[in-house]
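Working notes, structure below.
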Amino acid sequence: MEQCLFCRIIAGEIPAEIVYRDENAVVFKDINPQAPVHLLVIPVRHIARLTDPDAADGNMLSQIFTVIQRMATDQGLEAGFRVVTNCGENAGQTVNHLHFHILGRRCMSWPPG
Ligand code: AMP
Ligand code: ZN
C-alpha cells in the first residue's frame, strides 16, 4: 500500500504527531483539527474502510476501541467526546485507510453536517 497516506505515516515516511502506537494501532494528531483534541486512531494493517474488516479482525477492532478508551482518559475527556468514522464517499471519507476520529474538549451539536 505504498500510495496510502496513512500507511506512509505508519512507516515514518510522512511526518505526523504520533501520540501512541502498539502492534495493532497508531494514534496521531489530525493535521486539520476540528476540535481542541482531534486524534486519528488507525489500524497498523491497511484496511480501507469500516465495511472491510472480517471476522478475523475482531480482536484488532476490539483492541482499537481499547486504545480509544485509553486516549480519552489520557486526554482528559471525562466531560465527553465524539468518535467518528466516515465510511465511503457519501460520508465524506477522504483517506482510504480506516480511521476513527476522536474529537473532544468542546461542546458539539447533533445532527452532524
Ligand atoms: P476523513 O475525511 O474522515 O477520511 O478524515 C481524514 C482526516 O485525515 C482529515 O480529518 C484530515 O485532516 C486528516 N489528514 C489528512 N492528511 C493528514 C496528515 N498528513 N496528517 C494528519 N492528518 C491528516
Ligand atoms: Zn493504508
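By order of appearance in the C-alpha cells: chains A, B, ..., then residues from 1 within every chain, and ligands from 1 in the order shown.
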Residues within 6 Å of ligand 2 (only C-alpha atoms and all ligand atoms), as a PyMOL selection string? chain A and resi 1+4+6-7+46+97
Using the selection just defined, write its residues with all heavy atoms as a CSV table (one decimal), in the first residue's frame.
chain,number,residue,atom,x,y,z
A,1,MET,N,0.8,-1.2,0.0
A,1,MET,CA,0.0,0.0,0.0
A,1,MET,C,0.9,1.3,0.0
A,1,MET,O,0.7,2.1,0.8
A,1,MET,CB,-0.9,0.0,1.2
A,1,MET,CG,-2.0,-1.0,1.1
A,1,MET,SD,-3.1,-0.7,-0.3
A,1,MET,CE,-3.9,-2.3,-0.5
A,4,CYS,N,-0.7,4.7,0.1
A,4,CYS,CA,-1.7,5.1,1.1
A,4,CYS,C,-1.0,6.1,2.1
A,4,CYS,O,0.0,5.8,2.7
A,4,CYS,CB,-2.2,3.9,1.9
A,4,CYS,SG,-3.2,4.3,3.3
A,6,PHE,N,-1.8,7.1,5.1
A,6,PHE,CA,-1.7,6.7,6.5
A,6,PHE,C,-0.7,5.5,6.6
A,6,PHE,O,0.0,5.4,7.7
A,6,PHE,CB,-3.1,6.3,7.1
A,6,PHE,CG,-4.0,7.5,7.3
A,6,PHE,CD1,-5.3,7.4,7.8
A,6,PHE,CD2,-3.5,8.8,7.2
A,6,PHE,CE1,-6.1,8.5,8.0
A,6,PHE,CE2,-4.3,10.0,7.4
A,6,PHE,CZ,-5.6,9.8,7.8
A,7,CYS,N,-0.6,4.6,5.6
A,7,CYS,CA,0.4,3.6,5.7
A,7,CYS,C,1.8,4.3,5.7
A,7,CYS,O,2.7,3.8,6.3
A,7,CYS,CB,0.3,2.6,4.5
A,7,CYS,SG,-1.0,1.4,4.7
A,46,HIS,N,-3.3,-2.3,6.7
A,46,HIS,CA,-4.1,-1.5,5.8
A,46,HIS,C,-5.5,-2.1,5.6
A,46,HIS,O,-5.6,-3.2,5.1
A,46,HIS,CB,-3.4,-1.3,4.5
A,46,HIS,CG,-4.3,-0.5,3.5
A,46,HIS,ND1,-4.2,0.9,3.5
A,46,HIS,CD2,-5.2,-0.8,2.6
A,46,HIS,CE1,-5.1,1.4,2.6
A,46,HIS,NE2,-5.7,0.3,2.1
A,97,HIS,N,-7.9,4.6,4.4
A,97,HIS,CA,-7.3,3.7,5.4
A,97,HIS,C,-8.2,4.0,6.6
A,97,HIS,O,-8.3,5.1,7.1
A,97,HIS,CB,-5.9,4.1,5.6
A,97,HIS,CG,-5.1,3.2,6.6
A,97,HIS,ND1,-3.9,2.6,6.3
A,97,HIS,CD2,-5.4,2.9,7.9
A,97,HIS,CE1,-3.5,1.9,7.3
A,97,HIS,NE2,-4.4,2.1,8.3
TODO: Mind the document's chain letters and residue numbers, and return as a PyMOL selection string the residues of chain A that DSSP labels alpha helix (DSSP H).
DONE: chain A and resi 5-10+58-74
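Shell of stretch 76-89 of chain A at 6 Å, with only C-alpha atoms counted and residues fewer than 6 places along the chain excluded, is Arg49, Phe100, His101, Ile102, Leu103 and Gly104 of chain A.
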Output all heavy atoms for every residue in that selection, as a PDB file, in the first residue's frame.
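Just written: again-v7.pdb:
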ATOM      1  N   ARG A  49     -11.752   0.638   4.769  1.00  0.00           N
ATOM      2  CA  ARG A  49     -12.854   1.318   5.454  1.00  0.00           C
ATOM      3  C   ARG A  49     -13.637   0.356   6.329  1.00  0.00           C
ATOM      4  O   ARG A  49     -13.379  -0.843   6.343  1.00  0.00           O
ATOM      5  CB  ARG A  49     -13.753   2.025   4.460  1.00  0.00           C
ATOM      6  CG  ARG A  49     -14.379   1.136   3.399  1.00  0.00           C
ATOM      7  CD  ARG A  49     -15.134   2.031   2.431  1.00  0.00           C
ATOM      8  NE  ARG A  49     -15.947   1.289   1.485  1.00  0.00           N
ATOM      9  CZ  ARG A  49     -16.859   1.858   0.708  1.00  0.00           C
ATOM     10  NH1 ARG A  49     -17.094   3.148   0.787  1.00  0.00           N
ATOM     11  NH2 ARG A  49     -17.552   1.143  -0.131  1.00  0.00           N
ATOM     12  N   PHE A 100     -10.540   6.250  12.969  1.00  0.00           N
ATOM     13  CA  PHE A 100     -11.557   6.723  13.905  1.00  0.00           C
ATOM     14  C   PHE A 100     -11.101   8.078  14.425  1.00  0.00           C
ATOM     15  O   PHE A 100     -10.024   8.187  15.013  1.00  0.00           O
ATOM     16  CB  PHE A 100     -11.724   5.732  15.066  1.00  0.00           C
ATOM     17  CG  PHE A 100     -12.235   4.376  14.616  1.00  0.00           C
ATOM     18  CD1 PHE A 100     -11.364   3.370  14.257  1.00  0.00           C
ATOM     19  CD2 PHE A 100     -13.605   4.142  14.526  1.00  0.00           C
ATOM     20  CE1 PHE A 100     -11.834   2.136  13.822  1.00  0.00           C
ATOM     21  CE2 PHE A 100     -14.093   2.915  14.098  1.00  0.00           C
ATOM     22  CZ  PHE A 100     -13.206   1.914  13.740  1.00  0.00           C
ATOM     23  N   HIS A 101     -11.921   9.095  14.168  1.00  0.00           N
ATOM     24  CA  HIS A 101     -11.644  10.419  14.714  1.00  0.00           C
ATOM     25  C   HIS A 101     -12.058  10.420  16.190  1.00  0.00           C
ATOM     26  O   HIS A 101     -13.156   9.961  16.531  1.00  0.00           O
ATOM     27  CB  HIS A 101     -12.485  11.494  14.020  1.00  0.00           C
ATOM     28  CG  HIS A 101     -12.259  11.627  12.540  1.00  0.00           C
ATOM     29  ND1 HIS A 101     -11.534  12.661  11.994  1.00  0.00           N
ATOM     30  CD2 HIS A 101     -12.686  10.877  11.499  1.00  0.00           C
ATOM     31  CE1 HIS A 101     -11.534  12.550  10.674  1.00  0.00           C
ATOM     32  NE2 HIS A 101     -12.232  11.473  10.343  1.00  0.00           N
ATOM     33  N   ILE A 102     -11.222  10.965  17.043  1.00  0.00           N
ATOM     34  CA  ILE A 102     -11.616  11.281  18.421  1.00  0.00           C
ATOM     35  C   ILE A 102     -11.623  12.800  18.525  1.00  0.00           C
ATOM     36  O   ILE A 102     -10.594  13.450  18.291  1.00  0.00           O
ATOM     37  CB  ILE A 102     -10.633  10.716  19.462  1.00  0.00           C
ATOM     38  CG1 ILE A 102     -10.543   9.201  19.369  1.00  0.00           C
ATOM     39  CG2 ILE A 102     -11.052  11.140  20.867  1.00  0.00           C
ATOM     40  CD1 ILE A 102      -9.514   8.586  20.331  1.00  0.00           C
ATOM     41  N   LEU A 103     -12.797  13.355  18.822  1.00  0.00           N
ATOM     42  CA  LEU A 103     -12.959  14.811  18.911  1.00  0.00           C
ATOM     43  C   LEU A 103     -13.388  15.164  20.320  1.00  0.00           C
ATOM     44  O   LEU A 103     -14.333  14.572  20.858  1.00  0.00           O
ATOM     45  CB  LEU A 103     -14.022  15.279  17.916  1.00  0.00           C
ATOM     46  CG  LEU A 103     -13.694  14.996  16.442  1.00  0.00           C
ATOM     47  CD1 LEU A 103     -14.939  14.633  15.672  1.00  0.00           C
ATOM     48  CD2 LEU A 103     -12.992  16.178  15.810  1.00  0.00           C
ATOM     49  N   GLY A 104     -12.701  16.123  20.917  1.00  0.00           N
ATOM     50  CA  GLY A 104     -13.068  16.457  22.284  1.00  0.00           C
ATOM     51  C   GLY A 104     -12.616  17.826  22.725  1.00  0.00           C
ATOM     52  O   GLY A 104     -11.926  18.544  22.011  1.00  0.00           O
TER      53      GLY A 104
END
Among the residues of stretch 34-93 of chain A, find those DSSP assigns to strand (DSSP E) from the backbone and print them as a count of residues only. 11
Notebook entry, point to check: Please, which residues have at least one atom within 10 Å of an atom of ligand 1, using only C-alpha atoms and all ligand atoms, listed as a PyMOL selection string?
Noted result: chain A and resi 5-6+8-9+14-18+27-34+38-40+49+84-89+91-101
What does the distance between atom CA of A:Ile64 and atom CA of A:Val44 come to in Å, to one decimal place?
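That distance, rounded to one decimal, is 10.1 Å.
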Worksheet item: From the list A:Met108, A:Val67, A:Val19, A:Met60, which residue is nearest A:Ile47 when using only C-alpha atoms?
Response: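 Looking at the shortest contact to A:Ile47, the residue is A:Met60.
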Of the residues A:Gln75, A:Ile68, A:Pro111, A:Pro53, which is the one nearest to A:Pro36, using only C-alpha atoms?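 Among the listed residues, A:Gln75 lies closest to A:Pro36.
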Requested in this report: Using atom CA of A:Ala25 and atom CA of A:Pro43 as the two end points, give the distance in Å to one decimal.
Outcome: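 Atom CA of A:Pro43 lies at a distance of 4.5 Å from atom CA of A:Ala25.
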Margin query: Between atom CA of A:Pro112 and atom CA of A:Val37, what is the distance in Å, rounded to a tenth?
Written below: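 That distance, rounded to one decimal, is 17.5 Å.
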